[in-house]
Every structure is written in structure tokens, then in C-alpha cells.
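Report on the structure given below.
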Amino acid sequence: MKNLWGRQFAVSNFVLVLLIFVSLCSTTVAWDSNAKKDTEMEKNRIQIYKENRRYWQYKGEPILLIGGSVEDNLFQIPNLKEHLELLKSVGGNYVRSTMGWNDEGDIPPFKKVGDKYDLNQWNEEFWNRFQNFITWTHEMDIIVQIEVWATFTYYRDNWDVNPFNPKNNSNYTAEETGLPTVVKDHPVATGNNFFWSVPKERNQENVLKYQEKFVDKLLEETLPYGHILYCMDNETAVTAAWGEYWATYIQKKAKDAGRVVETTEMWDPWDLSDEKHKATFDHPETYSFCDISQNNHQKRQRHWDNSQKIRAKLSPIRPINNIKIYGADGGRFGSTRDGLERFWRNIFGGFASARFHRPDSGVGLSKIAQAHLKSMRTITDELDVFTCEPHNDLLSNREENEAYTFANPGKEYAVYFPKGGSVDLNLSVGKNADAKTVKIRWLNINKSEWKTEEEIPFSDSITLDAQTEVHWVVLVQVE
């Protein structure tokens, strides 16, 4: 009996050891699987391109971001998937997402209980819309630049109905928070201390905890994906402490989840030499990329010159985005021609992205925007963008705003003519001794149509003549 008991004990021990071994093996397999998944995620996410830090890479390949859309908080529109498919069909791969709810038909992120919002409960429809947006953009390889705090959602009439307004929720009062219930000023006046809640400012803990709750939910929906860029605000005028807090907060939350994210801030001043912009330019540890959208209020040569000064001195080198290209007939920020010119100058200026702003501040994804997106992709598919640089120094007999050159000297050149003109292009810089011919192709941008290709003997300088005043781009390749 004693021996039988001993044998049973031995068998039991063996089974226990076997179960532990199987469990450990399963755990190891799970760990290995998760580790491989995390490694793959890191490899494939949107990140700075290792071969040229002025650009992005996605899924291990360099990527140029161009886009346009009918709205800024795009996930709120009813025909979202069709709109994204249209963008994709004309070569677009870049959209903006302000986390706001300003227009008719938009809904807020919090649930209304009775006549007041409860900041502890979500409006599931808001987040369902957002989930669809993130899923579809991911499936279509469209990069999303999110603005966490949609500034104008917290001012004027929008603030009057905003769930964060103390008169509209059951979670805190104006007396407890110091938040205003009425804000009549433009955001540039920084009249809403909602944006002063962080510890380095007013340290409004009873507001900050709900702000963090909102950001946590946003990250819950987006961190599992690799096609998201995070911008803290839309053209903000508040102190640097606000953006610094949220960029650091998002980075930490991402790290805790085993992820790495790219962050920036967008400042209000149109002049890129304004002190506010330095908070982004001078702090790569907080902001891994820059957004200079407000420069897109500038026109013609000044638009180019201002951005090129920043590009030349930005250190360390990192991507510079333009999520908003202003300019549309009938709008307040220049004409349609202004907007189209700005789009081309940004890409030929060596920047990482350009997106047409929504109507009527920009041309959105209108027919003319579609044509220019398609033409830009047509040119950049023929040109190694990631080895090219802005090279107006190669042009002579050029008038102000007449032409702009993007080139890898000695090999290939693209010259954009906003409104016709004639310039001489210097091909002697970086000249290949074996160069024999020059291939020239003109693209009618508005029609997205090539003219007949021309091949001429190589010479140190050639004249390029855009004979009509429509938008033209010419591709010059030395062979």
C-alpha cells in the first residue's frame, strides 16, 4: 500500500512538472509572439526616414505625404469611407483629424445624462465614428495627423455648448475649477484657462483629470495602430507649458504600452521667426517633428523664403509638415491660385507633407485639388524625391515667384512654374562626364497630362519656357 501511494505520488509529481513545463513553454511562445509583434509594429509604424531625416517612412519605406479633405474632423462626416477612397484614388495619403465637434451633425465624446454631460461616461457613437476612421485609414495606408485639442472647440459659441464647460456637466462647477462659462474672444487672446490647467500653470487638478481621461481614451483607440502622428493643438497661442505637458504625457503613455509615437505642436503666428515657434524648433526631445502650417498664410516668394530659412537652420534635422494649405476663391486667406502655389512650393521646398485645408479656407478635395494631387504624385513617382533638394540657385534669368526647382544635381530636376515664364537651368553642377542627352517632359498640372517628351543633346545650361499661364511642371533628366 505504501509503495502504491509512493508510485501515485511520483506520477502526480511528474504530471505537475509536465503541466508546469507546458505552461512555461506556452508562456514563452506567447512572449515570443508578443515580442515579434512589437518588433514588427515598431518597424512598420510612421517614423522619421533613416536615410533622409527630412521625410517620413512607413512600413519600412520612405513616404511623401500629400492630401486634402472636405473637413478637418473628418471622422464626423457621413460619407467618410467614400471620401477616403476618393483621396486615395488621386494619389492622396494624408489627412487631418481635429478632435472637435463644431459643426451641425457633429457629436461630442461624452454622454449626456438628463440635461448635463457626465465626463465619466462616453458617447459611444462619437468613438464608433472615430474607430471606423482609424480602421479605414489604416486599411488604405492613409496617414492621420491628429490634433488632440481642437482649439476653436473651446471658444465662443462652441464653448457655450462644450461638455467641458462647467455649466454643461455634472462633474465640476465654475467655482471649483475657475473655468469661465462664457468666452467671447478669439483664441489668440487665450481667454479660456482650460488651456492653463497643467502643473506648470494653474494646476487645475479637477479639470486636468478629465482632460487626461479624454486623452487616455484617444490613445486607447490609436496606439494599437502605426499610422498616426500626434499634434497637440491647432494654431495655439497659449504658453509652451501646455503643449510640453501633453506631448510628454502621450510619449509616456505610449512607452508604457510598448509603443513609440511622433509628436508636434502647431503655433498661431504666421511669422516662423516668432518666439513661440522656438518651443517646437528648439526642443526635439519633446517634439520629434514640426508643423509650419501657419506659414501658408504667406504668399508667393515670401511664402518660400520664410520656410526655407527655417528648413536651413532646423537642428537636428527632422520632418517639417504642412497639414493646412490655405487659399480658396471666396475664402479669407488668399485665392485658389494662392493655395495651389503654396502646395507646390511646400513639396518642392523639401518638406515632408502638404495637405489642402478644408473649404472655404482651402480647396479641400475639390476637382482642382484632385487634379493637383494627381499631378504631384505623377511627378514624384518619376522623381526620387528623397534624394532631391530645393535648388533655385540653379536657375538664372528668373523673376520673383516665376519658377521653383527641386533637384538632385547632375541627375534629375523638376521645375514648377506657377504662372508661365522662362528660365535657364544650370546642368553643370554635379555633371556626369558620361552625360550625353537630356530628356524633358512637361506636365500640365490642371489636366494631369504630359506633353510630348523631348530629348536634346546635353549642354551645361538649357532654357525652359512655360508658354501659357496655367500651372506647369517640367521634369528634366540627364542620361
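By order of appearance in the C-alpha cells: chains A, B, ..., then residues from 1 within every chain, and ligands from 1 in the order shown.
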(message) What's around segment 160-176 of chain A at 6 Å? Count only C-alpha atoms, leave out sequence neighbours fewer than 5 positions away in its own chain, and write the answer as a PyMOL selection string.
(response) chain A and resi 116-118+181
(request) Considering only C-alpha atoms, return as a PyMOL selection string whatever protein or nucleic-acid residues lie within 9 Å of Leu65 of chain A, sequence-local ones (same chain, fewer than 6 positions apart) excluded. (result) chain A and resi 55-56+92-95+142-143+321+352-355
(request) Find the spatial neighbours of Leu84 of chain A, counting only C-alpha atoms, within a cut-off of 12 Å - ignore same-chain residues fewer than 4 positions away - and output them as a PyMOL selection string. (result) chain A and resi 67-71+74-75+77-80+88-96+132-144+365
(message) Can you tell me, as an NGL selection string, which residues in segment 277-396 of chain A count as helix (DSSP H, G or I) by DSSP?
(response) :A and (277-281 or 293-297 or 300-313 or 336-348 or 367-382 or 385-387 or 392-394)
Report as a PDB file with N, CA and C atoms, in the first residue's frame all protein, DNA and RNA residues lying within 12 Å of Glu205 of chain A, evaluated on only C-alpha atoms, omitting residues in the same chain fewer than 3 positions from it.
ATOM      1  N   TYR A 172     -18.110  69.115 -12.304  1.00  0.00           N
ATOM      2  CA  TYR A 172     -17.460  70.210 -11.575  1.00  0.00           C
ATOM      3  C   TYR A 172     -18.189  71.516 -11.868  1.00  0.00           C
ATOM      4  N   GLU A 176     -15.436  75.634  -8.530  1.00  0.00           N
ATOM      5  CA  GLU A 176     -14.438  74.608  -8.195  1.00  0.00           C
ATOM      6  C   GLU A 176     -13.226  74.632  -9.122  1.00  0.00           C
ATOM      7  N   THR A 177     -13.449  75.062 -10.356  1.00  0.00           N
ATOM      8  CA  THR A 177     -12.386  74.972 -11.357  1.00  0.00           C
ATOM      9  C   THR A 177     -11.773  76.306 -11.744  1.00  0.00           C
ATOM     10  N   GLY A 178     -12.539  77.369 -11.599  1.00  0.00           N
ATOM     11  CA  GLY A 178     -12.083  78.653 -12.120  1.00  0.00           C
ATOM     12  C   GLY A 178     -12.267  78.789 -13.614  1.00  0.00           C
ATOM     13  N   PHE A 194      -8.986  76.906 -19.621  1.00  0.00           N
ATOM     14  CA  PHE A 194      -8.992  75.465 -19.854  1.00  0.00           C
ATOM     15  C   PHE A 194      -7.603  75.008 -20.296  1.00  0.00           C
ATOM     16  N   TRP A 196      -4.835  76.205 -19.323  1.00  0.00           N
ATOM     17  CA  TRP A 196      -3.829  76.568 -18.318  1.00  0.00           C
ATOM     18  C   TRP A 196      -3.906  75.621 -17.114  1.00  0.00           C
ATOM     19  N   SER A 197      -4.442  74.445 -17.335  1.00  0.00           N
ATOM     20  CA  SER A 197      -4.713  73.520 -16.229  1.00  0.00           C
ATOM     21  C   SER A 197      -3.478  72.749 -15.764  1.00  0.00           C
ATOM     22  N   VAL A 198      -2.433  72.725 -16.573  1.00  0.00           N
ATOM     23  CA  VAL A 198      -1.285  71.844 -16.311  1.00  0.00           C
ATOM     24  C   VAL A 198      -0.482  72.328 -15.100  1.00  0.00           C
ATOM     25  N   PRO A 199       0.308  71.426 -14.488  1.00  0.00           N
ATOM     26  CA  PRO A 199       1.018  71.774 -13.243  1.00  0.00           C
ATOM     27  C   PRO A 199       1.897  73.016 -13.325  1.00  0.00           C
ATOM     28  N   LYS A 200       2.549  73.269 -14.474  1.00  0.00           N
ATOM     29  CA  LYS A 200       3.425  74.435 -14.581  1.00  0.00           C
ATOM     30  C   LYS A 200       2.647  75.737 -14.717  1.00  0.00           C
ATOM     31  N   GLU A 201       1.330  75.626 -14.900  1.00  0.00           N
ATOM     32  CA  GLU A 201       0.497  76.833 -14.989  1.00  0.00           C
ATOM     33  C   GLU A 201      -0.398  76.908 -13.744  1.00  0.00           C
ATOM     34  N   ARG A 202      -1.708  76.696 -13.875  1.00  0.00           N
ATOM     35  CA  ARG A 202      -2.618  76.865 -12.731  1.00  0.00           C
ATOM     36  C   ARG A 202      -2.885  75.574 -11.955  1.00  0.00           C
ATOM     37  N   LEU A 208      -7.876  68.826 -14.995  1.00  0.00           N
ATOM     38  CA  LEU A 208      -6.825  68.038 -15.639  1.00  0.00           C
ATOM     39  C   LEU A 208      -7.161  66.549 -15.663  1.00  0.00           C
ATOM     40  N   LYS A 209      -7.785  66.044 -14.611  1.00  0.00           N
ATOM     41  CA  LYS A 209      -8.071  64.602 -14.581  1.00  0.00           C
ATOM     42  C   LYS A 209      -9.047  64.200 -15.682  1.00  0.00           C
ATOM     43  N   TYR A 210      -9.973  65.099 -16.036  1.00  0.00           N
ATOM     44  CA  TYR A 210     -10.909  64.788 -17.115  1.00  0.00           C
ATOM     45  C   TYR A 210     -10.261  65.010 -18.486  1.00  0.00           C
ATOM     46  N   GLN A 211      -9.353  65.976 -18.570  1.00  0.00           N
ATOM     47  CA  GLN A 211      -8.589  66.139 -19.797  1.00  0.00           C
ATOM     48  C   GLN A 211      -7.742  64.892 -20.059  1.00  0.00           C
ATOM     49  N   GLU A 212      -7.106  64.391 -19.006  1.00  0.00           N
ATOM     50  CA  GLU A 212      -6.301  63.180 -19.146  1.00  0.00           C
ATOM     51  C   GLU A 212      -7.172  61.980 -19.513  1.00  0.00           C
TER      52      GLU A 212
END
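Put simply, atom CA of Arg45 of chain A is 26.7 Å away from atom CA of His277 of chain A.
Taking atom CA of Pro62 of chain A and atom CA of Thr380 of chain A as the two end points, the separation is 12.2 Å.
Every protein, DNA or RNA residue with an atom at most 7 Å from Val148 of chain A, where only C-alpha atoms count and chain neighbours fewer than 2 positions away do not, is listed here: Thr98, Met99, Ile146, Ala150, Cys231, Met232 and Asp233 of chain A.
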(message) For a test of reading the model, state the distance in Å between atom CA of Asp271 of chain A and atom CA of Leu394 of chain A, rounded to one decimal.
(response)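 Spanning atom CA of Asp271 of chain A to atom CA of Leu394 of chain A is a straight-line distance of 27.1 Å.
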(request) Report as a VMD selection string: the residues of segment 278-463 of chain A with a DSSP assignment of strand (DSSP E), based on the backbone of this structure. (result) chain A and resid 290 to 291 320 to 321 353 to 356 389 to 390 395 to 396 404 to 408 412 to 417 421 to 426 437 to 444 449 to 450 454 to 457 461 to 463
(request) Name the closest residue to Val363 of chain A among the candidates A:His186, A:His471, A:His283, A:Lys324; distances are taken between atoms, counting only C-alpha atoms. (result)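 Residue with the minimum atom-to-atom distance to Val363 of chain A: A:Lys324.
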(request) Skip segment 307-314 of chain A itself and residues of its chain fewer than 4 positions away, then list as a list in words all residues within 9 Å of it, counting only C-alpha atoms. (result) Leu272, Ser273, Phe281, Asp282, Ile292, Asn295, Arg302, His303, Arg318, Ile320, Asn346, Gly349, Gly350, Phe351 and Pro390 of chain A
(request) Excluding Asn401 of chain A and residues on its chain fewer than 3 positions from it, collect all residues at most 9 Å away from it, counting only C-alpha atoms, and give them as a list in words. (result) Arg300, Gln301, Arg302, Trp304, Arg398, Tyr404, Phe417, Pro418 and Lys419 of chain A
Go ahead and write the selection's residues with N, CA, C and O atoms as a PDB file, in the first residue's frame.
ATOM      1  N   ARG A 300       3.340  83.907 -52.374  1.00  0.00           N
ATOM      2  CA  ARG A 300       4.369  83.980 -53.396  1.00  0.00           C
ATOM      3  C   ARG A 300       5.786  83.798 -52.837  1.00  0.00           C
ATOM      4  O   ARG A 300       6.016  82.884 -52.060  1.00  0.00           O
ATOM      5  N   GLN A 301       6.717  84.656 -53.218  1.00  0.00           N
ATOM      6  CA  GLN A 301       8.123  84.444 -52.859  1.00  0.00           C
ATOM      7  C   GLN A 301       8.343  84.455 -51.345  1.00  0.00           C
ATOM      8  O   GLN A 301       9.161  83.703 -50.813  1.00  0.00           O
ATOM      9  N   ARG A 302       7.588  85.293 -50.636  1.00  0.00           N
ATOM     10  CA  ARG A 302       7.732  85.363 -49.179  1.00  0.00           C
ATOM     11  C   ARG A 302       7.376  84.022 -48.537  1.00  0.00           C
ATOM     12  O   ARG A 302       8.012  83.615 -47.563  1.00  0.00           O
ATOM     13  N   TRP A 304       7.844  81.072 -49.764  1.00  0.00           N
ATOM     14  CA  TRP A 304       9.011  80.202 -49.962  1.00  0.00           C
ATOM     15  C   TRP A 304      10.172  80.611 -49.054  1.00  0.00           C
ATOM     16  O   TRP A 304      10.758  79.781 -48.360  1.00  0.00           O
ATOM     17  N   ARG A 398      15.602  84.480 -63.732  1.00  0.00           N
ATOM     18  CA  ARG A 398      14.368  84.182 -63.025  1.00  0.00           C
ATOM     19  C   ARG A 398      13.844  85.433 -62.337  1.00  0.00           C
ATOM     20  O   ARG A 398      14.576  86.131 -61.645  1.00  0.00           O
ATOM     21  N   TYR A 404      10.373  77.412 -59.459  1.00  0.00           N
ATOM     22  CA  TYR A 404      10.972  76.787 -58.279  1.00  0.00           C
ATOM     23  C   TYR A 404      11.524  75.418 -58.674  1.00  0.00           C
ATOM     24  O   TYR A 404      10.841  74.648 -59.360  1.00  0.00           O
ATOM     25  N   PHE A 417       6.381  76.006 -62.500  1.00  0.00           N
ATOM     26  CA  PHE A 417       6.051  77.357 -62.957  1.00  0.00           C
ATOM     27  C   PHE A 417       4.623  77.677 -62.500  1.00  0.00           C
ATOM     28  O   PHE A 417       3.657  77.111 -63.033  1.00  0.00           O
ATOM     29  N   PRO A 418       4.453  78.587 -61.532  1.00  0.00           N
ATOM     30  CA  PRO A 418       3.101  78.925 -61.064  1.00  0.00           C
ATOM     31  C   PRO A 418       2.236  79.605 -62.118  1.00  0.00           C
ATOM     32  O   PRO A 418       1.020  79.412 -62.148  1.00  0.00           O
ATOM     33  N   LYS A 419       2.884  80.403 -63.000  1.00  0.00           N
ATOM     34  CA  LYS A 419       2.083  81.216 -63.927  1.00  0.00           C
ATOM     35  C   LYS A 419       2.860  81.515 -65.205  1.00  0.00           C
ATOM     36  O   LYS A 419       2.961  82.653 -65.631  1.00  0.00           O
TER      37      LYS A 419
END
